[in-house]
Amino acid sequence: MMTTRKVVPVILGVLMIMAGVYCFFTPVETSTVIPFVLGIAMIVDGIGRIITWFDIREFVRQSAWVLVSAVVSLVFGLLLAFSPVLQMSVGVFVIMLTGWWILALGIIRIVHAFHLLRIKRASDGFGFGEMIGSNWWIALILGAVLTVFGLVVILNPMLGLGVIGVLLGCGIITAGVNLIYLGCNPWFL
């Protein structure tokens, strides 16, 4: 039987999963409100973890730092959800950071592709090195695609909105599943 203390994290987890699914299927719309959605997710996560912390402490000795991290999530979530200036700043930052991240991944893939090619050439056409380096061109193509996409997002952030919305949706779904797991965990009767 689930107690009220266990029901709240489960309900919050279900709400987070629903929000994550919405973000996943409406990525462009989500991307324009990423800071607000992120703030709400942080608030829900903070409240859920605070409730869980108090529930767990009766059975398992907990570090106060776990509670502090939940309170920090709650405070930053409140700031982000209700400050238009922070929302605009975070929105632009998230888009640009994602573009730079994709660009860095692309460049690293290209460098890795040439490393694989060197391994293949050094293997004299047989052995383990041949197997490792045989698909170097796939890493090169993927690196080139990521590099171009990263540059496009950096130079035209509006095109990167869809990707960011999908990534945010996946993250919120994961946090919701975590809350449900904590609420349903049999350790905390």
# chains A, B, ... in the order shown; residues from 1 in each chain; ligands from 1
call {"tool": "residues_around", "arguments": {"residues": "Thr26 of chain A", "least_positions_apart": "4", "cutoff": "8 Å", "atoms": "only C-alpha atoms", "output": "PyMOL selection string"}}
result
chain A and resi 22+30+165-166
call {"tool": "write_last_selection", "arguments": {"atoms": "N, CA and C atoms", "output": "PDB file, in the first residue's frame"}}
result
ATOM      1  N   TYR A  22       5.493  15.842 -23.908  1.00  0.00           N
ATOM      2  CA  TYR A  22       5.035  17.031 -24.633  1.00  0.00           C
ATOM      3  C   TYR A  22       6.226  17.746 -25.274  1.00  0.00           C
ATOM      4  N   THR A  30       8.712  24.008 -27.499  1.00  0.00           N
ATOM      5  CA  THR A  30       9.374  23.783 -26.211  1.00  0.00           C
ATOM      6  C   THR A  30      10.648  24.600 -26.112  1.00  0.00           C
ATOM      7  N   GLY A 165      14.754  21.047 -27.964  1.00  0.00           N
ATOM      8  CA  GLY A 165      13.478  20.633 -27.375  1.00  0.00           C
ATOM      9  C   GLY A 165      13.403  19.135 -27.147  1.00  0.00           C
ATOM     10  N   VAL A 166      13.896  18.357 -28.101  1.00  0.00           N
ATOM     11  CA  VAL A 166      13.898  16.897 -27.959  1.00  0.00           C
ATOM     12  C   VAL A 166      14.819  16.479 -26.814  1.00  0.00           C
TER      13      VAL A 166
END
call {"tool": "residues_around", "arguments": {"residues": "Val75 of chain A", "least_positions_apart": "4", "cutoff": "8 Å", "atoms": "only C-alpha atoms", "output": "ChimeraX atom specification"}}
result
/A:43,71,79
call {"tool": "closest_residue", "arguments": {"among": "A:Leu38, A:Leu167, A:Phe149, A:Ile17", "to": "Gln87 of chain A", "atoms": "only C-alpha atoms"}}
result
A:Leu38
call {"tool": "closest_residue", "arguments": {"among": "A:Val90, A:Ile119, A:Met42, A:Leu67", "to": "Phe54 of chain A", "atoms": "only C-alpha atoms"}}
result
A:Leu67
call {"tool": "closest_residue", "arguments": {"among": "A:Val85, A:Val68, A:Leu105, A:Val21", "to": "Val148 of chain A", "atoms": "only C-alpha atoms"}}
result
A:Leu105
call {"tool": "residues_around", "arguments": {"residues": "Val145 of chain A", "least_positions_apart": "4", "cutoff": "12 Å", "atoms": "only C-alpha atoms", "output": "PyMOL selection string"}}
result
chain A and resi 102-107+109-110+138-141+149-152
call {"tool": "closest_residue", "arguments": {"among": "A:Pro35, A:Gly20, A:Gly91, A:Gly183", "to": "Phe76 of chain A", "atoms": "only C-alpha atoms"}}
result
A:Pro35
call {"tool": "closest_residue", "arguments": {"among": "A:Cys184, A:Leu97, A:Ala144, A:Ile172", "to": "Met16 of chain A", "atoms": "only C-alpha atoms"}}
result
A:Ile172
